[in-house]
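Novice: Contents are mmCIF, C-alpha atoms; file name upload-v9.cif:
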data_start
loop_
_atom_site.group_PDB
_atom_site.id
_atom_site.type_symbol
_atom_site.label_atom_id
_atom_site.label_comp_id
_atom_site.auth_asym_id
_atom_site.auth_seq_id
_atom_site.Cartn_x
_atom_site.Cartn_y
_atom_site.Cartn_z
ATOM 1 C CA MET I 1 17.907 -12.920 -36.611
ATOM 2 C CA ALA I 2 20.532 -14.022 -34.120
ATOM 3 C CA LYS I 3 22.586 -10.929 -34.944
ATOM 4 C CA ILE I 4 19.548 -8.666 -34.459
ATOM 5 C CA ALA I 5 18.777 -10.362 -31.148
ATOM 6 C CA ALA I 6 22.364 -9.913 -29.969
ATOM 7 C CA GLU I 7 22.361 -6.271 -30.980
ATOM 8 C CA SER I 8 19.057 -5.694 -29.184
ATOM 9 C CA ARG I 9 20.389 -7.368 -26.054
ATOM 10 C CA GLU I 10 23.542 -5.250 -26.156
ATOM 11 C CA LEU I 11 21.479 -2.078 -26.610
ATOM 12 C CA PHE I 12 19.233 -3.092 -23.716
ATOM 13 C CA ASN I 13 22.215 -3.706 -21.425
ATOM 14 C CA THR I 14 23.691 -0.330 -22.371
ATOM 15 C CA LYS I 15 20.475 1.592 -21.721
ATOM 16 C CA MET I 16 19.750 -0.373 -18.552
ATOM 17 C CA LYS I 17 23.110 0.319 -16.894
ATOM 18 C CA PRO I 18 22.432 3.911 -15.707
ATOM 19 C CA TYR I 19 19.262 2.730 -13.974
ATOM 20 C CA LYS I 20 21.036 -0.206 -12.358
ATOM 21 C CA ASP I 21 23.652 2.232 -11.083
ATOM 22 C CA LEU I 22 20.930 4.423 -9.588
ATOM 23 C CA VAL I 23 19.396 1.374 -7.918
ATOM 24 C CA GLN I 24 22.758 0.536 -6.382
ATOM 25 C CA LYS I 25 23.175 4.095 -5.078
ATOM 26 C CA SER I 26 19.726 3.985 -3.510
ATOM 27 C CA PHE I 27 20.457 0.728 -1.731
ATOM 28 C CA GLU I 28 23.713 2.214 -0.453
ATOM 29 C CA LYS I 29 21.722 5.169 0.862
ATOM 30 C CA GLU I 30 19.282 2.783 2.545
ATOM 31 C CA LYS I 31 22.146 0.906 4.166
ATOM 32 C CA SER I 32 23.667 4.156 5.394
ATOM 33 C CA ILE I 33 20.389 5.353 6.953
ATOM 34 C CA LEU I 34 19.773 1.984 8.616
ATOM 35 C CA SER I 35 23.271 2.120 10.037
ATOM 36 C CA LEU I 36 22.574 5.633 11.330
ATOM 37 C CA ILE I 37 19.380 4.406 12.989
ATOM 38 C CA THR I 38 21.317 1.766 14.942
ATOM 39 C CA ARG I 39 23.703 4.469 16.200
ATOM 40 C CA ASP I 40 21.185 7.242 16.804
ATOM 41 C CA THR I 41 17.593 6.457 17.789
ATOM 42 C CA THR I 42 16.348 10.040 17.584
ATOM 43 C CA GLY I 43 13.905 10.760 14.768
ATOM 44 C CA VAL I 44 13.719 7.128 13.679
ATOM 45 C CA ALA I 45 10.204 7.558 12.276
ATOM 46 C CA TYR I 46 11.328 10.426 10.023
ATOM 47 C CA LYS I 47 14.289 8.399 8.792
ATOM 48 C CA LYS I 48 12.022 5.481 7.938
ATOM 49 C CA LEU I 49 9.750 7.821 6.033
ATOM 50 C CA ILE I 50 12.776 8.752 3.925
ATOM 51 C CA LEU I 51 13.518 5.039 3.443
ATOM 52 C CA CYS I 52 9.952 4.448 2.304
ATOM 53 C CA GLU I 53 10.248 7.112 -0.379
ATOM 54 C CA GLU I 54 13.623 5.733 -1.435
ATOM 55 C CA MET I 55 12.117 2.284 -1.955
ATOM 56 C CA ILE I 56 9.286 3.739 -4.027
ATOM 57 C CA TYR I 57 11.941 5.427 -6.165
ATOM 58 C CA VAL I 58 13.868 2.149 -6.543
ATOM 59 C CA SER I 59 10.729 0.338 -7.622
ATOM 60 C CA SER I 60 10.201 2.940 -10.342
ATOM 61 C CA LEU I 61 13.745 2.341 -11.609
ATOM 62 C CA TYR I 62 13.114 -1.386 -11.827
ATOM 63 C CA MET I 63 9.907 -0.742 -13.742
ATOM 64 C CA ILE I 64 11.780 1.516 -16.175
ATOM 65 C CA ILE I 65 14.175 -1.382 -16.792
ATOM 66 C CA ASN I 66 11.191 -3.618 -17.508
ATOM 67 C CA ASN I 67 9.797 -1.031 -19.929
ATOM 68 C CA LEU I 68 13.148 -0.975 -21.746
ATOM 69 C CA SER I 69 13.021 -4.749 -22.013
ATOM 70 C CA VAL I 70 9.498 -4.676 -23.441
ATOM 71 C CA THR I 71 10.479 -1.982 -25.954
ATOM 72 C CA LEU I 72 13.851 -3.346 -27.059
ATOM 73 C CA LEU I 73 13.493 -7.088 -26.515
ATOM 74 C CA GLU I 74 9.702 -7.435 -26.780
ATOM 75 C CA THR I 75 9.561 -9.371 -23.521
ATOM 76 C CA LYS I 76 8.944 -8.556 -19.885
ATOM 77 C CA ASN I 77 11.922 -8.493 -17.566
ATOM 78 C CA THR I 78 10.461 -10.591 -14.765
ATOM 79 C CA ASP I 79 13.579 -10.208 -12.625
ATOM 80 C CA SER I 80 13.131 -6.441 -12.565
ATOM 81 C CA LEU I 81 9.409 -6.733 -11.886
ATOM 82 C CA ASN I 82 10.068 -9.107 -9.007
ATOM 83 C CA GLU I 83 12.625 -6.718 -7.554
ATOM 84 C CA ALA I 84 10.146 -3.851 -7.917
ATOM 85 C CA ARG I 85 7.553 -5.917 -6.051
ATOM 86 C CA LYS I 86 10.018 -6.630 -3.232
ATOM 87 C CA THR I 87 11.012 -2.977 -2.868
ATOM 88 C CA LEU I 88 7.378 -1.891 -2.700
ATOM 89 C CA TYR I 89 6.857 -4.373 0.120
ATOM 90 C CA LYS I 90 9.864 -2.802 1.837
ATOM 91 C CA ALA I 91 8.322 0.646 1.401
ATOM 92 C CA ILE I 92 5.143 -0.566 3.069
ATOM 93 C CA ILE I 93 7.059 -2.295 5.858
ATOM 94 C CA TYR I 94 8.863 0.943 6.663
ATOM 95 C CA LEU I 95 5.489 2.674 6.972
ATOM 96 C CA GLU I 96 4.135 -0.177 9.108
ATOM 97 C CA GLU I 97 7.080 0.265 11.435
ATOM 98 C CA ILE I 98 6.175 3.941 11.782
ATOM 99 C CA VAL I 99 2.363 3.826 12.168
ATOM 100 C CA THR I 100 1.617 0.086 12.756
ATOM 101 C CA ASN I 101 -0.218 -2.407 10.565
ATOM 102 C CA TYR I 102 -3.486 -2.257 12.536
ATOM 103 C CA VAL I 103 -6.409 -2.732 10.178
ATOM 104 C CA ASP I 104 -9.413 -2.248 12.445
ATOM 105 C CA ALA I 105 -8.408 -0.533 15.667
ATOM 106 C CA PRO I 106 -9.370 2.588 17.606
ATOM 107 C CA TYR I 107 -7.114 5.497 16.745
ATOM 108 C CA THR I 108 -6.008 5.625 20.386
ATOM 109 C CA ASP I 109 -4.286 2.252 19.894
ATOM 110 C CA TYR I 110 -1.693 3.766 17.559
ATOM 111 C CA ALA I 111 -1.989 7.527 18.129
ATOM 112 C CA GLU I 112 1.394 7.640 19.882
ATOM 113 C CA LYS I 113 3.057 6.154 16.796
ATOM 114 C CA VAL I 114 1.442 8.719 14.501
ATOM 115 C CA ALA I 115 2.533 11.474 16.869
ATOM 116 C CA GLU I 116 6.158 10.572 16.129
ATOM 117 C CA ILE I 117 5.756 12.139 12.670
ATOM 118 C CA SER I 118 3.660 15.079 13.869
ATOM 119 C CA SER I 119 5.782 17.620 12.018
ATOM 120 C CA VAL I 120 5.169 15.931 8.646
ATOM 121 C CA PRO I 121 2.378 17.960 6.972
ATOM 122 C CA LEU I 122 -0.780 16.150 5.880
ATOM 123 C CA GLU I 123 -0.053 17.272 2.321
ATOM 124 C CA LYS I 124 3.269 15.401 2.422
ATOM 125 C CA ARG I 125 1.653 12.247 3.826
ATOM 126 C CA PHE I 126 -1.018 12.408 1.149
ATOM 127 C CA PHE I 127 1.664 12.815 -1.518
ATOM 128 C CA ILE I 128 3.602 9.762 -0.284
ATOM 129 C CA THR I 129 0.391 7.738 -0.191
ATOM 130 C CA ARG I 130 -0.541 8.662 -3.752
ATOM 131 C CA LYS I 131 2.999 8.021 -4.970
ATOM 132 C CA LEU I 132 3.042 4.568 -3.382
ATOM 133 C CA GLY I 133 -0.415 3.775 -4.733
ATOM 134 C CA LEU I 134 0.624 4.767 -8.240
ATOM 135 C CA ALA I 135 3.752 2.597 -8.050
ATOM 136 C CA ILE I 136 1.657 -0.394 -6.962
ATOM 137 C CA ARG I 137 -0.818 0.170 -9.801
ATOM 138 C CA LEU I 138 1.970 0.467 -12.384
ATOM 139 C CA LEU I 139 3.540 -2.742 -11.091
ATOM 140 C CA ILE I 140 0.284 -4.701 -11.287
ATOM 141 C CA ASP I 141 -0.331 -3.393 -14.805
ATOM 142 C CA ALA I 142 3.223 -4.352 -15.822
ATOM 143 C CA TYR I 143 2.740 -7.936 -14.659
ATOM 144 C CA GLY I 144 -0.503 -8.223 -16.640
ATOM 145 C CA ASP I 145 -3.707 -10.153 -16.018
ATOM 146 C CA ASN I 146 -2.331 -13.686 -16.187
ATOM 147 C CA THR I 147 0.393 -13.365 -13.588
ATOM 148 C CA LYS I 148 0.897 -15.958 -10.866
ATOM 149 C CA TRP I 149 1.086 -13.062 -8.411
ATOM 150 C CA ARG I 150 -2.550 -12.081 -8.963
ATOM 151 C CA TRP I 151 -3.785 -13.141 -5.546
ATOM 152 C CA SER I 152 -0.657 -12.075 -3.688
ATOM 153 C CA PHE I 153 -1.312 -8.516 -4.869
ATOM 154 C CA VAL I 154 -4.408 -8.582 -2.650
ATOM 155 C CA GLU I 155 -2.074 -8.548 0.349
ATOM 156 C CA LEU I 156 0.135 -5.823 -1.140
ATOM 157 C CA GLN I 157 -2.873 -3.594 -1.798
ATOM 158 C CA GLY I 158 -4.424 -4.394 1.572
ATOM 159 C CA ARG I 159 -1.301 -3.521 3.502
ATOM 160 C CA PHE I 160 -1.036 -0.327 1.458
ATOM 161 C CA ALA I 161 -4.625 0.596 2.367
ATOM 162 C CA THR I 162 -3.826 0.008 6.030
ATOM 163 C CA VAL I 163 -0.775 2.271 6.194
ATOM 164 C CA ALA I 164 -2.517 4.897 4.082
ATOM 165 C CA LYS I 165 -5.204 5.030 6.776
ATOM 166 C CA ASN I 166 -2.788 4.901 9.680
ATOM 167 C CA LEU I 167 -0.668 7.791 8.409
ATOM 168 C CA ILE I 168 -3.551 10.162 9.132
ATOM 169 C CA ASP I 169 -3.931 11.883 12.477
ATOM 170 C CA MET I 170 -7.597 10.953 12.831
ATOM 171 C CA ARG I 171 -8.201 13.328 15.713
ATOM 172 C CA GLN I 172 -7.078 16.283 13.629
ATOM 173 C CA ALA I 173 -8.733 14.950 10.494
ATOM 174 C CA SER I 174 -12.112 14.724 12.243
ATOM 175 C CA LYS I 175 -11.828 18.491 12.880
ATOM 176 C CA ASN I 176 -10.334 19.585 9.564
ATOM 177 C CA TYR I 177 -12.961 17.653 7.596
ATOM 178 C CA PHE I 178 -15.716 19.921 8.899
ATOM 179 C CA ASP I 179 -13.758 23.187 8.924
ATOM 180 C CA PRO I 180 -13.526 24.952 5.535
ATOM 181 C CA ARG I 181 -11.214 27.522 7.157
ATOM 182 C CA SER I 182 -8.581 24.890 7.905
ATOM 183 C CA PRO I 183 -5.567 24.948 5.558
ATOM 184 C CA ASP I 184 -5.845 21.135 5.478
ATOM 185 C CA PHE I 185 -9.550 21.121 4.619
ATOM 186 C CA ASP I 186 -9.183 20.045 0.971
ATOM 187 C CA ASN I 187 -6.364 17.572 1.577
ATOM 188 C CA THR I 188 -8.290 15.971 4.433
ATOM 189 C CA ILE I 189 -11.379 15.478 2.285
ATOM 190 C CA TYR I 190 -9.432 14.054 -0.659
ATOM 191 C CA TYR I 191 -7.193 11.899 1.530
ATOM 192 C CA LEU I 192 -10.087 10.373 3.502
ATOM 193 C CA ARG I 193 -11.981 9.824 0.267
ATOM 194 C CA LEU I 194 -8.997 7.887 -1.080
ATOM 195 C CA VAL I 195 -8.615 5.866 2.135
ATOM 196 C CA LYS I 196 -12.289 4.888 2.118
ATOM 197 C CA LYS I 197 -11.929 3.734 -1.485
ATOM 198 C CA LEU I 198 -8.807 1.689 -0.653
ATOM 199 C CA LEU I 199 -10.415 0.041 2.377
ATOM 200 C CA ASN I 200 -13.509 -0.889 0.404
ATOM 201 C CA GLU I 201 -11.414 -2.324 -2.440
ATOM 202 C CA SER I 202 -9.304 -4.347 0.001
ATOM 203 C CA ALA I 203 -12.422 -5.790 1.628
ATOM 204 C CA THR I 204 -13.734 -6.832 -1.788
ATOM 205 C CA ASN I 205 -10.355 -8.215 -2.890
ATOM 206 C CA TYR I 206 -9.937 -10.364 0.212
ATOM 207 C CA ARG I 207 -13.516 -11.622 -0.128
ATOM 208 C CA ASP I 208 -12.831 -12.509 -3.787
ATOM 209 C CA ARG I 209 -9.578 -14.254 -2.866
ATOM 210 C CA TYR I 210 -11.458 -16.254 -0.258
ATOM 211 C CA GLU I 211 -14.262 -17.232 -2.643
ATOM 212 C CA LEU I 212 -12.225 -17.814 -5.801
ATOM 213 C CA SER I 213 -8.864 -19.044 -4.563
ATOM 214 C CA THR I 214 -7.858 -19.820 -1.003
ATOM 215 C CA LYS I 215 -11.030 -20.653 0.975
ATOM 216 C CA ARG I 216 -8.977 -19.555 3.982
ATOM 217 C CA ILE I 217 -11.047 -18.210 6.856
ATOM 218 C CA ASP I 218 -8.384 -15.628 7.657
ATOM 219 C CA ASP I 219 -8.994 -14.071 4.224
ATOM 220 C CA ILE I 220 -12.704 -13.458 4.786
ATOM 221 C CA ARG I 221 -11.925 -12.375 8.349
ATOM 222 C CA LEU I 222 -9.540 -9.765 6.951
ATOM 223 C CA ALA I 223 -12.188 -8.708 4.446
ATOM 224 C CA ILE I 224 -14.546 -8.074 7.361
ATOM 225 C CA ASN I 225 -11.851 -6.157 9.243
ATOM 226 C CA TYR I 226 -11.428 -3.810 6.288
ATOM 227 C CA LEU I 227 -15.171 -3.171 6.296
ATOM 228 C CA LEU I 228 -15.020 -2.492 10.034
ATOM 229 C CA ALA I 229 -12.141 -0.039 9.507
ATOM 230 C CA LEU I 230 -14.152 1.714 6.813
ATOM 231 C CA ARG I 231 -17.178 1.892 9.103
ATOM 232 C CA ARG I 232 -15.072 3.563 11.797
ATOM 233 C CA ILE I 233 -14.344 6.367 9.349
ATOM 234 C CA ASN I 234 -18.017 6.605 8.356
ATOM 235 C CA ILE I 235 -18.950 7.007 12.009
ATOM 236 C CA MET I 236 -16.186 9.560 12.592
ATOM 237 C CA LEU I 237 -17.488 11.613 9.655
ATOM 238 C CA ASN I 238 -21.103 11.235 10.762
ATOM 239 C CA GLU I 239 -21.973 9.329 7.575
ATOM 240 C CA LYS I 240 -24.896 7.524 9.170
ATOM 241 C CA GLU I 241 -26.418 5.917 6.081
ATOM 242 C CA GLU I 242 -23.093 4.553 4.869
ATOM 243 C CA ALA I 243 -22.279 3.231 8.346
ATOM 244 C CA GLU I 244 -25.655 1.491 8.574
ATOM 245 C CA GLU I 245 -25.277 -0.102 5.137
ATOM 246 C CA LEU I 246 -21.813 -1.342 6.072
ATOM 247 C CA LYS I 247 -23.166 -2.750 9.319
ATOM 248 C CA LYS I 248 -25.661 -4.857 7.345
ATOM 249 C CA LYS I 249 -22.945 -5.971 4.931
ATOM 250 C CA ILE I 250 -20.624 -6.936 7.791
ATOM 251 C CA ILE I 251 -23.369 -9.051 9.358
ATOM 252 C CA VAL I 252 -23.923 -10.886 6.060
ATOM 253 C CA TRP I 253 -20.208 -11.552 5.631
ATOM 254 C CA LYS I 254 -19.834 -12.720 9.238
ATOM 255 C CA ASN I 255 -22.773 -15.096 8.822
ATOM 256 C CA LYS I 256 -21.135 -16.451 5.672
ATOM 257 C CA MET I 257 -17.839 -16.974 7.514
ATOM 258 C CA GLU I 258 -19.494 -18.721 10.443
ATOM 259 C CA SER I 259 -21.588 -20.913 8.138
ATOM 260 C CA ASP I 260 -18.504 -21.934 6.165
ATOM 261 C CA GLN I 261 -16.618 -22.713 9.354
ATOM 262 C CA LYS I 262 -19.416 -24.963 10.570
ATOM 263 C CA SER I 263 -19.526 -26.789 7.253
ATOM 264 C CA GLY I 264 -15.744 -27.349 7.293
ATOM 265 C CA VAL I 265 -14.847 -24.839 4.609
ATOM 266 C CA GLY I 266 -11.619 -22.944 5.153
ATOM 267 C CA LYS I 267 -8.356 -23.650 6.937
#
Produce structure tokens that represent the structure in this file.

Specialist:
Amino acid sequence: MAKIAAESRELFNTKMKPYKDLVQKSFEKEKSILSLITRDTTGVAYKKLILCEEMIYVSSLYMIINNLSVTLLETKNTDSLNEARKTLYKAIIYLEEIVTNYVDAPYTDYAEKVAEISSVPLEKRFFITRKLGLAIRLLIDAYGDNTKWRWSFVELQGRFATVAKNLIDMRQASKNYFDPRSPDFDNTIYYLRLVKKLLNESATNYRDRYELSTKRIDDIRLAINYLLALRRINIMLNEKEEAEELKKKIIVWKNKMESDQKSGVGK
């Protein structure tokens, strides 16, 4: 058995090496781009978009290494999963630096930031968003249900929902959504549909984390903010019934938060 285990470990190390080499090359590329940014501040937002995609790619390499470990050694490679988690956070941070991390805010508050990537087509933004979302889902699935990171993933998914929303030029989207002649008509509909789903899930996840784990007031406050952000989109799209239902839900959640605060629940 010891010989089989040693052989399996050697095979794993051999098959893992090309992916580790690719990871190293990607980090060297990241370092080079960051160095370029310090020397040349033109087009910083576009460079950070490249860095975001590079980090998504790195996370996929780490998850491949974990899959090799599961296949060859019949055990998860937690080191690789943890590195994948860190690189996905980096991907999100790069997007936050481009379009802010504002959850519930008027579009005018961050429109200037979005304008810095005006030449990036909506289709490309939608693609990056879906790619990042898939990587996050694969990571959560790889960790499994009983991971200690269960509640921390609420933050990862919430921050992802936020940047997914903020990548959209809402002024243009509010026009394209109602114009079948627009070349971005389909992508706008599908992208906004995805964003609404992500915002709703983040609201629910933060509410669950508050109720089942932390009892921290800032968690339920964030849950409410995600509902408010979703309602902004409902109003923009003239979805009156949905906006009214959300308004009622927000009131209920706010009353719950205020009641808990008065009774000493939360931190």

Novice: Could you tell me which residues the PyMOL selection byres ((chain I and resi 8) around 12) grabs in this file, written as a list of chain:residue names?

Specialist: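 Given this file, the PyMOL selection byres ((chain I and resi 8) around 12) evaluates to I:Met1, I:Ala2, I:Lys3, I:Ile4, I:Ala5, I:Ala6, I:Glu7, I:Arg9, I:Glu10, I:Leu11, I:Phe12, I:Asn13, I:Thr14, I:Lys15, I:Met16, I:Leu68, I:Ser69, I:Val70, I:Thr71, I:Leu72, I:Leu73, I:Glu74, I:Thr75.
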
Novice: Quick one: which residues end up in the PyMOL selection byres ((chain I and resi 119-122) around 9) for this structure, as a list in words?

Specialist: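 Selection result, ordered by chain and number: Tyr46, Ala115, Glu116, Ile117, Ser118, Glu123, Lys124, Arg125, Phe126, Phe127, Leu167, Ile168, Asp169, Asp184, Asn187, Thr188 and Tyr191 of chain I.
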
Novice: Output C-alpha atoms of each residue in that selection to a file, as a PDB file, keeping the file's coordinate frame.

Specialist:
ATOM      1  CA  TYR I  46      11.328  10.426  10.023  1.00  0.00           C
ATOM      2  CA  ALA I 115       2.533  11.474  16.869  1.00  0.00           C
ATOM      3  CA  GLU I 116       6.158  10.572  16.129  1.00  0.00           C
ATOM      4  CA  ILE I 117       5.756  12.139  12.670  1.00  0.00           C
ATOM      5  CA  SER I 118       3.660  15.079  13.869  1.00  0.00           C
ATOM      6  CA  GLU I 123      -0.053  17.272   2.321  1.00  0.00           C
ATOM      7  CA  LYS I 124       3.269  15.401   2.422  1.00  0.00           C
ATOM      8  CA  ARG I 125       1.653  12.247   3.826  1.00  0.00           C
ATOM      9  CA  PHE I 126      -1.018  12.408   1.149  1.00  0.00           C
ATOM     10  CA  PHE I 127       1.664  12.815  -1.518  1.00  0.00           C
ATOM     11  CA  LEU I 167      -0.668   7.791   8.409  1.00  0.00           C
ATOM     12  CA  ILE I 168      -3.551  10.162   9.132  1.00  0.00           C
ATOM     13  CA  ASP I 169      -3.931  11.883  12.477  1.00  0.00           C
ATOM     14  CA  ASP I 184      -5.845  21.135   5.478  1.00  0.00           C
ATOM     15  CA  ASN I 187      -6.364  17.572   1.577  1.00  0.00           C
ATOM     16  CA  THR I 188      -8.290  15.971   4.433  1.00  0.00           C
ATOM     17  CA  TYR I 191      -7.193  11.899   1.530  1.00  0.00           C
TER      18      TYR I 191
END

Novice: Smallest atom-to-atom distance to I:Leu88: which of I:Leu156, I:Lys113, I:Trp151, I:Lys48, using all atoms listed in the file?

Specialist: I:Leu156

Novice: Pick from I:Asn176, I:Asn146, I:Ser213, I:Asn101: nearest to I:Thr162, with all atoms listed in the file counted?

Specialist: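 Using all atoms listed in the file, I:Thr162 sits closest to I:Asn101.
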
Novice: From the options I:Glu155, I:Asp104, I:Asp109, I:Glu83, which residue's atoms come nearest to I:Glu201, counting only C-alpha atoms?

Specialist: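 Ranking I:Glu155, I:Asp104, I:Asp109, I:Glu83 by distance to I:Glu201, first place goes to I:Glu155.
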
Novice: For each of I:Ile217, I:Asn200, I:Thr129, I:Asp260, take the minimum atom-to-atom distance to I:Leu246, counting all atoms listed in the file, then give the residue where this is smallest.

Specialist: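 Once distances to I:Leu246 are computed over all atoms listed in the file, the minimum belongs to I:Asn200.
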
Novice: Pick the closest to I:Glu211 from I:Asp179, I:Leu139, I:Val265, I:Gly43: which is it, counting all atoms listed in the file?

Specialist: I:Val265

Novice: Would you compute the distance between atom CA of I:Arg181 and atom CA of I:Lys165? Give it in Å to one decimal.

Specialist: 23.3 Å

Novice: Within 8 Å of I:Cys52, counting only C-alpha atoms, which residues qualify if same-chain residues fewer than 6 places away don't, as number ranges by chain?

Specialist: I: 90-92, 94-95

Novice: Between atom CA of I:Thr100 and atom CA of I:Ala45, what is the distance in Å, rounded to a tenth?

Specialist: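 Computed distance, atom CA of I:Thr100 to atom CA of I:Ala45, equals 11.4 Å.
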
Novice: Which residue is closest to I:Lys131? Choose from I:Ala164, I:Lys247, I:Trp149, I:Arg209 and count all atoms listed in the file.

Specialist: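 Going through I:Ala164, I:Lys247, I:Trp149, I:Arg209 one by one, the smallest distance to I:Lys131 is for I:Ala164.
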
Novice: One decimal, in Å: what's the spacing between atom CA of I:Val163 and atom CA of I:Glu96?

Specialist: 6.2 Å

Novice: If we count all atoms listed in the file and set the cut-off at 9 Å, which residues sit around stretch 55-64 of chain I, ignoring sequence neighbours fewer than 2 positions away in its own chain? Please answer as a PyMOL selection string.

Specialist: chain I and resi 16+19-20+22-23+26-27+30+50-53+66-69+77+79-91+131-132+135+138-139+142

Novice: Report the centre and edge lengths, in Å to one decimal, of an axis-aligned box enclosing every atom of stretch 67-78 of chain I listed in the file, padded by 3 Å on each side, as AutoDock Vina command-line options.

Specialist:
--center_x 11.4 --center_y -5.8 --center_z -20.9 --size_x 10.9 --size_y 15.6 --size_z 18.3

Novice: Just give me the residues with any atom within 10 Å of (-10.2, -6.6, 11.3), file coordinates, counting all atoms listed in the file, written as a PyMOL selection string.

Specialist: chain I and resi 102-105+203+218+220-229

Novice: Which residues are close to I:Asp219, i.e. within 6 Å by only C-alpha atoms, leaving aside same-chain residues fewer than 3 positions away? Reply as a PyMOL selection string.

Specialist: chain I and resi 206+210+216+222

Novice: Using the incomplete input, complete stretch 144-150 of chain I to the level of all heavy atoms; output as an mmCIF file, in the coordinates of the input.

Specialist:
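What follows is the written file rebuild.cif:
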data_model
loop_
_atom_site.group_PDB
_atom_site.id
_atom_site.type_symbol
_atom_site.label_atom_id
_atom_site.label_comp_id
_atom_site.auth_asym_id
_atom_site.auth_seq_id
_atom_site.Cartn_x
_atom_site.Cartn_y
_atom_site.Cartn_z
ATOM 1 N N GLY I 144 0.569 -7.770 -15.766
ATOM 2 C CA GLY I 144 -0.503 -8.223 -16.640
ATOM 3 C C GLY I 144 -1.520 -9.092 -15.914
ATOM 4 O O GLY I 144 -1.354 -9.462 -14.749
ATOM 5 N N ASP I 145 -2.576 -9.447 -16.620
ATOM 6 C CA ASP I 145 -3.707 -10.153 -16.018
ATOM 7 C C ASP I 145 -3.410 -11.603 -15.656
ATOM 8 O O ASP I 145 -4.000 -12.139 -14.715
ATOM 9 C CB ASP I 145 -4.914 -10.121 -16.968
ATOM 10 C CG ASP I 145 -5.451 -8.713 -17.158
ATOM 11 O OD1 ASP I 145 -5.283 -7.903 -16.226
ATOM 12 O OD2 ASP I 145 -6.019 -8.429 -18.230
ATOM 13 N N ASN I 146 -2.533 -12.245 -16.377
ATOM 14 C CA ASN I 146 -2.331 -13.686 -16.187
ATOM 15 C C ASN I 146 -1.136 -14.027 -15.304
ATOM 16 O O ASN I 146 -0.579 -15.116 -15.387
ATOM 17 C CB ASN I 146 -2.165 -14.374 -17.551
ATOM 18 C CG ASN I 146 -3.413 -14.234 -18.412
ATOM 19 O OD1 ASN I 146 -4.533 -14.340 -17.909
ATOM 20 N ND2 ASN I 146 -3.219 -13.992 -19.700
ATOM 21 N N THR I 147 -0.764 -13.124 -14.438
ATOM 22 C CA THR I 147 0.393 -13.365 -13.588
ATOM 23 C C THR I 147 0.073 -14.313 -12.438
ATOM 24 O O THR I 147 -1.058 -14.335 -11.932
ATOM 25 C CB THR I 147 0.927 -12.040 -13.008
ATOM 26 O OG1 THR I 147 1.974 -12.315 -12.093
ATOM 27 C CG2 THR I 147 -0.175 -11.285 -12.272
ATOM 28 N N LYS I 148 1.065 -15.063 -12.014
ATOM 29 C CA LYS I 148 0.897 -15.958 -10.866
ATOM 30 C C LYS I 148 0.773 -15.178 -9.558
ATOM 31 O O LYS I 148 0.390 -15.739 -8.529
ATOM 32 C CB LYS I 148 2.080 -16.919 -10.776
ATOM 33 C CG LYS I 148 3.408 -16.254 -10.433
ATOM 34 C CD LYS I 148 4.532 -17.271 -10.303
ATOM 35 C CE LYS I 148 5.851 -16.603 -9.911
ATOM 36 N NZ LYS I 148 6.943 -17.584 -9.743
ATOM 37 N N TRP I 149 1.126 -13.894 -9.615
ATOM 38 C CA TRP I 149 1.086 -13.062 -8.411
ATOM 39 C C TRP I 149 -0.272 -12.409 -8.195
ATOM 40 O O TRP I 149 -0.444 -11.620 -7.271
ATOM 41 C CB TRP I 149 2.156 -11.959 -8.491
ATOM 42 C CG TRP I 149 3.550 -12.484 -8.601
ATOM 43 C CD1 TRP I 149 4.345 -12.479 -9.702
ATOM 44 C CD2 TRP I 149 4.319 -13.105 -7.560
ATOM 45 N NE1 TRP I 149 5.552 -13.053 -9.436
ATOM 46 C CE2 TRP I 149 5.564 -13.451 -8.114
ATOM 47 C CE3 TRP I 149 4.066 -13.404 -6.220
ATOM 48 C CZ2 TRP I 149 6.558 -14.069 -7.381
ATOM 49 C CZ3 TRP I 149 5.054 -14.028 -5.483
ATOM 50 C CH2 TRP I 149 6.289 -14.355 -6.062
ATOM 51 N N ARG I 150 -1.252 -12.757 -9.026
ATOM 52 C CA ARG I 150 -2.550 -12.081 -8.963
ATOM 53 C C ARG I 150 -3.115 -12.006 -7.546
ATOM 54 O O ARG I 150 -3.472 -10.936 -7.070
ATOM 55 C CB ARG I 150 -3.552 -12.813 -9.864
ATOM 56 C CG ARG I 150 -4.965 -12.249 -9.765
ATOM 57 C CD ARG I 150 -5.977 -13.115 -10.487
ATOM 58 N NE ARG I 150 -7.332 -12.623 -10.255
ATOM 59 C CZ ARG I 150 -8.420 -13.269 -10.630
ATOM 60 N NH1 ARG I 150 -8.319 -14.436 -11.260
ATOM 61 N NH2 ARG I 150 -9.619 -12.767 -10.364
#
